[in-house]
Structure formats: structure tokens, C-alpha cells
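Shown next, in C-alpha cells, is the structure this report addresses.
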2 protein chains.
Amino acid sequence: MEKLVLHEDPRSGNCYKIRLTAALLGIAVERVAYDILNGETRTPEFLSKINGNGRIPVLQVGNRFLPESNAACWYLAEGSPLLPESRFDRADMLRWMFFEQYNHEPNIATLRFWLLFVGERNLNTFQRGQIPAKRAGGEAALAVMDEHLAARDWLVGDEASLADIALFAYTHVCEAGGFRLNDYPAVCAWLRRVAALPGYVPMEAD
Amino acid sequence: MEKLVLHEDPRSGNCYKIRLTAALLGIAVERVAYDILNGETRTPEFLSKINGNGRIPVLQVGNRFLPESNAACWYLAEGSPLLPESRFDRADMLRWMFFEQYNHEPNIATLRFWLLFVGERNLNTFQRGQIPAKRAGGEAALAVMDEHLAARDWLVGDEASLADIALFAYTHVCEAGGFRLNDYPAVCAWLRRVAALPGYVPMEAD
């Protein structure tokens, strides 16, 4: 495998997904840190060289650049036990990863970012007005996960997959966004299973 | 392959992605229609049997159910020329599909839904207040695509892939959401290439 460099903000759960995938698979990844609160991913150099969408994480593979956290996890894990063997289960794993980016991250990660890093008093009126909808959307996403996990150990099949890693990242720190994990007992039990995986590394900053 | 049934709303671009993928690959898919404006995907029966997340499309494979449009496209296309052969390009294809669900669809598809199907006068204050941010977000997504496509025929590699299908669905009808396609000439040329693919089928309702 070519040399891997993760362009990241260590506080980001999206970046943590990639580090956790690499750790579980024993893959070495160098790290370069950017401060998104200081606009370091919106500089002309970052936009032209690393990601025209102005976002981290970006996984650098040799001299090529791969944005989008879940795509980077896929790149690292293809051919490993973190991808299910059956065709349906692989697609079902992607189903949960798209659910994560559409229903979970924009609500749960955004509220954590606003409340923990920006600070509620620094939010503008537009952001403040979105809080109730993001609270309801995040609670609905956690409820979907809790119902699904009530009868199973992992989101897909009988083993941990990228679906679990993708949804673990922001779920396990969701209380920083004002969510109550104790309302979702099956989710809590699943979080403990993920944290017990051999090779697990914690998210340094939350 | 087991019998395939697409649970859909024919007006939805997310559902169209799956029909277009199936058509390009010559795969037969039965269709069952739901009216999302009448809450037909929020009934107790739909939630318990088809998708607890209350959304379409859902691809039924035998007696299993696969939500999330891009995951369903992956299921249909695995092993076909619509998935790139190289490991990096497969992940890069997923990168554009996650970009579609995070940066493109929530802005461009939502504005089309609000303006074309709900009607601007029927929007509530919260929805109305989100229009400027969704307009800016959608324009930024189209600009990222336009810059990327200025020097290439397809989003990934040298052939059409699921990345093109996923982003074609709502891009080609974005003017119904108030976007101006003529501002993005490389996107316009790419739309014509997608529409010229052998087996292409149009989106019936827009």
C-alpha cells in the first residue's frame, strides 16, 4: 500500500473514523492537523491541492487525495473482515454509512460542534433556530439504531463492520451535543462492544 | 439474483437513481409506488416491515429490505462496469456518492421538493428561513462538480460509474429548485454524456 497521510482535525469524529479503522486493521497512517475553527481548510492552497470542497478529513494515498470519511474507511478496509462477505450485507453496510451521513451526522455531530466548540452563546440566529430540528432528527436517528440493535450485536451481520465504526464515532460522544445516551440502552451496549474490539483506540479530544 | 422490488415515489430522484442503474445494467425491477406527500411511508405497516426510518427508496431483495438509494445502486452494480476496477477509484466513486448525500441532495433535492411539489406559499417559516443557506450550499456543490468536470468526461476514471448516476439524478432537474444549469457549462456537457449512455431511461415525473 502506498504511503498514507490523514489530513484531519483531531476533534472531528469524521477523522476519528479513519484512525479507528486503520488501528483495527493495523495500518500505519501519518497525520497532519488543521484547525477548522481557524479556516485552515479554506485556504487557497488547501482548496487547490487537497480538497476543493474545503473539508477534512482527506486521506492522502501517495499523491492522490480521497475526501469523505466513509469513502476513506472503505479504501482502508476493502478485502478485510471489516467488510461483510455477502453481497447483500456489503450493500447493507453502505446503507448504514449513508444513513450516518444523511440522518445522523448533520444532526448529532453539528450539535456537538456548536455546543462544545463554537459555544451556544456564539451561535448566530440561523444556527440557534435550527437546534430543535437537529435535536429531533438526532433523537430519531438514535431511536432507529436502538430499535435495530435491540436484537443484534452489530449493525450488519454477525461481526463488526465499517457501519459500526462510522456510527460509533459521533454516537459515543453525542452527550456533548446534549443527547442522552441512557435513553438508548441497546446503543449503549453496542458502544461497549465496539470499544472492546482488539486494536481499538479512543478519540483523543472530545 | 432474487426477485427485486423497488418501493418508491416516482417523483423522487433518489428512486430514479435505482431505476437508472437497473436500466443501464438490464436488470428487471418491479415497482410499488407510495405518495410521500400523503405520509404513505410513515404508516405503521411501512415502518415495521419496509423501513423503520420511514423513507423511500427501499430495494426489496427477496424478503430482505435495503434502504438508502446509493446502497441499493451499489447492490445492483457490484461486479459490473459501473464500478471502477481500481481500489482507489472504487473508494473515489463512493466519495462522490457521500458528497451527493451530504452536500448536494439536502440542498438541491430539498429546494426542488419544496418549490415544485410543496409550493413556496405552503412552506412554513422554518423552511422558508432555510432557503438562502440551501441555495448557497447547492450552488457550492454544483461549482465543485463543474470545476472537477472541466477537465474530464466522468466523475471518476474514464467511464461512467455509480458516481455519475447518483449525481445526475437531482442535477439534471435542479432548475425546478431554482438553480441555473447554464452557470455550470462542464456540468451541462456531462449531463448530455449521461443521457446518451446505452440503456438510459428518463425520469418520468419532474
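Going by the C-alpha cells order, chains are called A, B, ..., each with residues numbered from 1, while ligands are numbered from 1 in the order shown.
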### Query
Quick one: which residues from chain A are at most 9 Å off chain B, using only C-alpha atoms, as JSON, numbers by chain?
{"A": [52, 53, 61, 64, 65, 66, 67, 68, 69, 70, 71, 72, 73, 74, 75, 78, 87, 88, 90, 91, 92, 93, 94, 95, 96, 97, 98, 99, 101, 102, 106, 126, 129, 130, 140, 141, 144, 147, 148]}
### Query
Do you know which residues are at most 6 Å from stretch 191-202 of chain B counting only C-alpha atoms, after dropping those on the same chain fewer than 2 positions away, and could you put them as a PyMOL selection string?
chain B and resi 23-24+188-189+204
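The space between atom CA of B:Ala176 and atom CA of B:Arg112 spans 5.3 Å.
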### Query
Between A:Ile56, A:Val29, A:Leu83, A:Leu20, which one has atoms that come closest to A:Glu8, using only C-alpha atoms?
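Counting only C-alpha atoms, the residue closest to A:Glu8 is A:Ile56.
Atom to atom, atom CA of B:Gly177 and atom CA of B:Asp146 stand 18.0 Å apart.
Shortest separation to B:Ile165 among B:Leu37, B:Trp190, B:Phe117, B:Arg128 occurs at residue B:Trp190, atoms counted being only C-alpha atoms.
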### Task
Mind giving me the straight-line distance from atom CA of B:Gly178 to atom CA of A:Thr41 in Å, one decimal?
29.0 Å
### Query
chain A: which residues are helix (DSSP H, G or I) by DSSP, as a ChimeraX atom specification?
/A:13-25,36-38,44-50,69-77,87-118,120-122,125-149,162-171,174-177,181-183,185-195
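By chain and then residue number, the residues within 8 Å of A:Ile108 are Lys134, Arg135, Gly138, Tyr170, Thr171, Cys174 and Gly177 of chain A, counting only C-alpha atoms and disregarding those fewer than 6 positions away in sequence.
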Since we have the selection now, will you write its residues out, keeping N, CA and C atoms, as a short mmCIF file (atom, residue, chain, number, x, y, z; two decimals), in the first residue's frame?
data_model
loop_
_atom_site.label_atom_id
_atom_site.label_comp_id
_atom_site.auth_asym_id
_atom_site.auth_seq_id
_atom_site.Cartn_x
_atom_site.Cartn_y
_atom_site.Cartn_z
N LYS A 134 -32.62 19.81 14.69
CA LYS A 134 -31.46 18.92 14.77
C LYS A 134 -31.56 18.02 16.01
N ARG A 135 -32.11 18.55 17.08
CA ARG A 135 -32.34 17.70 18.27
C ARG A 135 -33.30 16.57 17.92
N GLY A 138 -31.68 14.06 15.43
CA GLY A 138 -30.67 13.22 16.08
C GLY A 138 -31.32 12.16 16.97
N TYR A 170 -19.57 9.48 16.20
CA TYR A 170 -20.30 10.58 16.83
C TYR A 170 -21.32 10.12 17.86
N THR A 171 -21.73 8.84 17.80
CA THR A 171 -22.68 8.37 18.82
C THR A 171 -22.03 8.36 20.20
N CYS A 174 -22.07 11.76 21.77
CA CYS A 174 -23.26 12.56 21.47
C CYS A 174 -23.73 13.39 22.65
N GLY A 177 -23.34 16.99 22.62
CA GLY A 177 -24.32 17.74 21.84
C GLY A 177 -25.68 17.79 22.50
#
### Message
Among stretch 17-156 of chain B, which residues does DSSP mark as strand (DSSP E or B) when it is run on the backbone? Keep the chain and numbering as in the structure and answer as a PyMOL selection string.
### Response
chain B and resi 30-33+58-61+64-67
